[in-house]
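For reference, the structure discussed in these notes is given below.
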Amino acid sequence: MRRAVHPAACRAACATFVTLALAACGGDDSPATPETLATAQQACSQLAGKTIAGASVTAATTVAATATTPTFCKVNATIPPQLHLELRLPDQWNSKLYYEGGGGYNGSIQPLAGGNLAALKFGYATVTSDSGHTDGGLSAAFALNDALATNLFGSLSVPTVMSSTKEMLVAAYGKQPERSYLEGCSEGGREGMMAAQRNPNLFDGIVVRAPAHNWVGFMGHFNRNQKAVASPGGQLNDNKIKLLSKAVRDACDAKDGIVDGIVSNPQACTFDATSLRCAAGADAGDTCLSDAQLAVITSRTSAASYVGGTYKSAGIPLNGTEDDPAAGWNFWVTGNGNVRNSAHYLFQDTTVKNYLVRDLARDSLAYEWESNLNALYSMAVLNDATDPDLRAFKNSNAKLIFWHGGDDPSLSARDSLDYYQAAVAATGGQAAADDFMRYYVAPGVLHCRGGPGADQSDLLSALDAWVTKGTAPGTLTATRLVNGAVQGTRPLCRYPQYPRYTGPANDAGAAAQAANYTCTSP
Ligand SMILES: [Ca+2]
């Protein structure tokens, strides 16, 4: 068992001499040199087999560098009974911690990729968890009868993992992180918002991408939309989805100065889907949409509101990328012709069965969303991160960057905008909000990534510059990668601006360069 050393005393000692501090903190072998922090291998040796701040280290392995990944110490630990985390410790720690949020209903450790890999390469220690249960990300089975897992998923896993992680860093490197950031998309974005609202001192900065913060409203909207798809004649086949997407692009693509398959100025897009209505409303083939199919579009694009507006979903606009083969409507909405294979069906289905009716035999498409208000209240208390009052977060000098793909077919960018605007109002107005919060939309980008738009932006570095140097982010840069190769760049504009093409006409090379776009107000 480790000697008990008061963490504050430990930190004070560590501030002076890393080597001495490692001994004082209970590390009893492999001290680092006085001038430098521990290597990955040394960090591993400090953690192997130990239990630190409630986290039992089950494995600590030095992973050699590859062509795409740096050398790091991979630490797996369990906070009993069932919260699993993975800490990745670089060879040359930059003294900062990066927490990567989860996805869907969590249930697994995020792989070394994307944002957390980029952070590790920058020298961050990174951490990710399964949030307290083991399962696929489309399953809420944990919520049926595991109250601990349900609370961990809802709001407690992030602060719990952070408590242990900070002390593990003390054991590994001799000090706590100087800065801690969280970045996450979708469910991970919700985790970031939850932390900003309920644990405003936990992070120095948070990057929230395409967040699932209004769990009750969003799931209710999915339920309504998928009922419309399941209604007689409601399905849309590939040709009809292509018909719809092309009509949106024909109407709206050029309104940003360039026909490039991206509707970058959606506020100028006034496309009306009823222009595609089949004569008399009955299905007359692939060149038109029936009334039942138009009802799917109306359900998705219009707002949903439950319990007198307590729970909301803003409506998911048409963008001209509904026909994206990988992550468009076939994935989220139609399920390639079987609504019960669609991602939105699966999310609301596992939610209804495990949270709301607690009956795995119920047909979620026969469930009336407001039939059990207590069930909605309970789920909202657990999972909703909709409180717009971020004054405590602001007053802790923390910074928040919101980002949303403009063409997200799963969670609407309008919902992020609604929250952002509510937070501006609740936190002292625009000037006060500008001191700590930004909102960006990436046109042509689907849910978290993908689509024809530029979906890669290094928001972590923008956040870090804001936190450590006071450099507030303005226009940023977005990159489009195809198979790892840069295909083009765009400015990432602060809302409400959008990137308007101002370069030469009919010049593909110019169109791929951010310098040929100007962030413009609609
Ligand atoms: Ca365009």
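Chain identifiers are assigned as A, B, and so on, following the order in which chains appear in the structure tokens; residues are numbered from 1 within each chain, and ligands are numbered from 1 in order of appearance.
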
A:Lys74 environment, 10 Å, only C-alpha atoms, sequence neighbours closer than 6 positions dropped, as a PyMOL selection string: chain A and resi 40-41+43-44+59-63+86-90+126-127

The selected residues should be written to file as a PDB file, in the first residue's frame (atoms: C-alpha atoms).
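Generated file (selection10.pdb):
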```pdb
ATOM      1  CA  ALA A  40       7.512   7.405 -21.160  1.00  0.00           C
ATOM      2  CA  GLN A  41       9.384   4.341 -19.962  1.00  0.00           C
ATOM      3  CA  ALA A  43       6.500   7.054 -16.288  1.00  0.00           C
ATOM      4  CA  CYS A  44       5.364   3.491 -16.910  1.00  0.00           C
ATOM      5  CA  ALA A  59      -1.204  -2.454 -17.314  1.00  0.00           C
ATOM      6  CA  ALA A  60       1.528   0.095 -17.990  1.00  0.00           C
ATOM      7  CA  THR A  61       3.363  -0.572 -21.221  1.00  0.00           C
ATOM      8  CA  THR A  62       5.829   1.482 -23.208  1.00  0.00           C
ATOM      9  CA  VAL A  63       4.684   1.588 -26.829  1.00  0.00           C
ATOM     10  CA  GLU A  86      -6.564   4.735 -20.601  1.00  0.00           C
ATOM     11  CA  LEU A  87      -3.847   7.271 -19.954  1.00  0.00           C
ATOM     12  CA  ARG A  88      -1.215   7.861 -22.629  1.00  0.00           C
ATOM     13  CA  LEU A  89       1.989   9.476 -21.443  1.00  0.00           C
ATOM     14  CA  PRO A  90       4.453  10.926 -23.957  1.00  0.00           C
ATOM     15  CA  THR A 126      -4.071  12.171 -22.883  1.00  0.00           C
ATOM     16  CA  VAL A 127      -6.842  10.280 -21.156  1.00  0.00           C
TER      17      VAL A 127
END
```

Neighbouring residues of ligand 1 are defined here as those with any atom at most 7 Å from a ligand atom, counting only C-alpha atoms and all ligand atoms; list them as a VMD selection string. chain A and resid 253 to 264

Written selection (C-alpha atoms) as a CSV table (one decimal), in the first residue's frame:
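The result, stored in again_4.csv:
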```csv
chain,number,residue,atom,x,y,z
A,253,ASP,CA,-24.8,26.0,-53.7
A,254,ALA,CA,-23.9,29.1,-55.6
A,255,LYS,CA,-25.0,31.6,-53.0
A,256,ASP,CA,-21.6,31.5,-51.4
A,257,GLY,CA,-19.8,32.5,-54.6
A,258,ILE,CA,-18.8,29.1,-55.8
A,259,VAL,CA,-20.5,26.0,-57.1
A,260,ASP,CA,-18.5,23.4,-55.2
A,261,GLY,CA,-21.1,21.0,-53.7
A,262,ILE,CA,-21.1,23.0,-50.4
A,263,VAL,CA,-23.9,25.3,-49.2
A,264,SER,CA,-21.7,27.6,-47.2
```

Smallest atom-to-atom distance to A:Gln293: which of A:Leu373, A:Ala67, A:Ala273, A:Leu112, using only C-alpha atoms?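 Once distances to A:Gln293 are computed over only C-alpha atoms, the minimum belongs to A:Ala273.
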
Distance criterion (only C-alpha atoms): nearest to A:Asn397 out of A:Leu202, A:Val352, A:Val339, A:Val441: A:Leu202

Give me, as a Markdown table, the closest atom pair and its distance (Å, one decimal) for every residue of stretch 143-197 of chain A within a cut-off of 12 Å of stretch 393-396 of chain A, counting only C-alpha atoms, rows sorted by chain and rising number.
```
| residue | atom | partner | partner_atom | distance |
| --- | --- | --- | --- | --- |
| A:Gly192 | CA | A:Phe393 | CA | 11.6 |
| A:Met193 | CA | A:Phe393 | CA | 10.4 |
| A:Met194 | CA | A:Phe393 | CA | 11.1 |
| A:Ala195 | CA | A:Phe393 | CA | 9.1 |
| A:Ala196 | CA | A:Phe393 | CA | 5.9 |
| A:Gln197 | CA | A:Phe393 | CA | 7.1 |
```

Skip A:Val207 itself and residues of its chain fewer than 3 positions away, then list as a list in words all residues within 7 Å of it, counting only C-alpha atoms.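 Result of the neighbour search: Leu182, Glu183, Gly184, Leu400, Ile401, Phe402 and Leu459 of chain A.
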
Give me a file of those residues, with N, CA and C atoms, as a short mmCIF file (atom, residue, chain, number, x, y, z; two decimals), in the first residue's frame.
```cif
data_model
loop_
_atom_site.label_atom_id
_atom_site.label_comp_id
_atom_site.auth_asym_id
_atom_site.auth_seq_id
_atom_site.Cartn_x
_atom_site.Cartn_y
_atom_site.Cartn_z
N LEU A 182 -10.49 19.53 -22.27
CA LEU A 182 -11.32 18.44 -22.78
C LEU A 182 -11.74 18.79 -24.20
N GLU A 183 -11.70 17.80 -25.07
CA GLU A 183 -12.26 17.95 -26.42
C GLU A 183 -13.13 16.74 -26.70
N GLY A 184 -14.30 16.97 -27.27
CA GLY A 184 -15.15 15.84 -27.59
C GLY A 184 -16.19 16.22 -28.61
N LEU A 400 -14.03 28.35 -23.91
CA LEU A 400 -14.90 27.36 -24.54
C LEU A 400 -14.99 27.65 -26.03
N ILE A 401 -14.69 26.65 -26.84
CA ILE A 401 -14.84 26.77 -28.29
C ILE A 401 -15.88 25.76 -28.75
N PHE A 402 -16.97 26.26 -29.35
CA PHE A 402 -17.98 25.41 -29.97
C PHE A 402 -17.67 25.28 -31.46
N LEU A 459 -8.45 22.85 -33.17
CA LEU A 459 -9.05 23.74 -32.19
C LEU A 459 -8.34 23.66 -30.85
#
```

For stretch 211-217 of chain A: contacts at 10 Å, only C-alpha atoms, fewer than 3 positions along chain excluded, given as a PyMOL selection string: chain A and resi 103-104+184-194+208+220-223+303-307+309-314+348+351+369+375-387+402-404+410-413+415-416+419+447-448

May I have the residues within 9 Å of A:Gly451 as a ChimeraX atom specification, using only C-alpha atoms and disregarding those fewer than 6 positions away in the same chain? /A:321,324,326-328,407,444-445

Polymer residues at most 9 Å from A:Leu460, only C-alpha atoms, same-chain spacing of 4 or more positions, as a list of chain:residue names: A:Tyr98, A:Gly115, A:Ala119, A:Tyr181, A:Leu182, A:Glu183, A:Gly205, A:Ile206, A:Val207, A:Asp464, A:Ala465

Among stretch 96-322 of chain A, which ones does DSSP assign to helix (DSSP H, G or I) (computed from the backbone)? Answer as a PyMOL selection string. chain A and resi 114-122+141-143+147-173+187-198+215-230+238-256+266-268+273-276+279-281+291-301

To one decimal in Å, tell me the separation between atom CA of A:Asn151 and atom CA of A:Val424. 28.6 Å

Might you pull out every residue within 6 Å of A:Tyr124, with only C-alpha atoms counted and same-chain residues fewer than 3 positions away left off, and present them as a ChimeraX atom specification? /A:93-94,96-97,119-120

Could you turn the residues from that selection into a file that holds C-alpha atoms, as a JSON list (two decimals), in the first residue's frame?
```
[["chain", "number", "residue", "atom", "x", "y", "z"],
["A", 93, "TRP", "CA", 5.44, 15.83, -21.57],
["A", 94, "ASN", "CA", 4.35, 19.40, -22.24],
["A", 96, "LYS", "CA", -0.67, 19.58, -19.98],
["A", 97, "LEU", "CA", -3.53, 17.08, -19.98],
["A", 119, "ALA", "CA", -2.57, 15.94, -28.71],
["A", 120, "LEU", "CA", -0.13, 13.14, -27.84]]
```

Using the chain letters and numbers from this document, which residues of stretch 396-510 of chain A does DSSP assign to strand (DSSP E), as a PyMOL selection string? chain A and resi 399-405+437-442+476-482+485-492+498-501

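Residue nearest A:Asn199, chosen from A:Leu117, A:Ala149, A:Leu390, A:Met168 and counting only C-alpha atoms: A:Leu390.
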
Mind giving me the straight-line distance from atom CA of A:Asn336 to atom CA of A:Gly107 in Å, one decimal?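 Atom CA of A:Asn336 sits 26.0 Å away from atom CA of A:Gly107.
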
A:Leu148, A:Ala392, A:Val229, A:Ala172: which is nearest A:His344, counting only C-alpha atoms? A:Val229
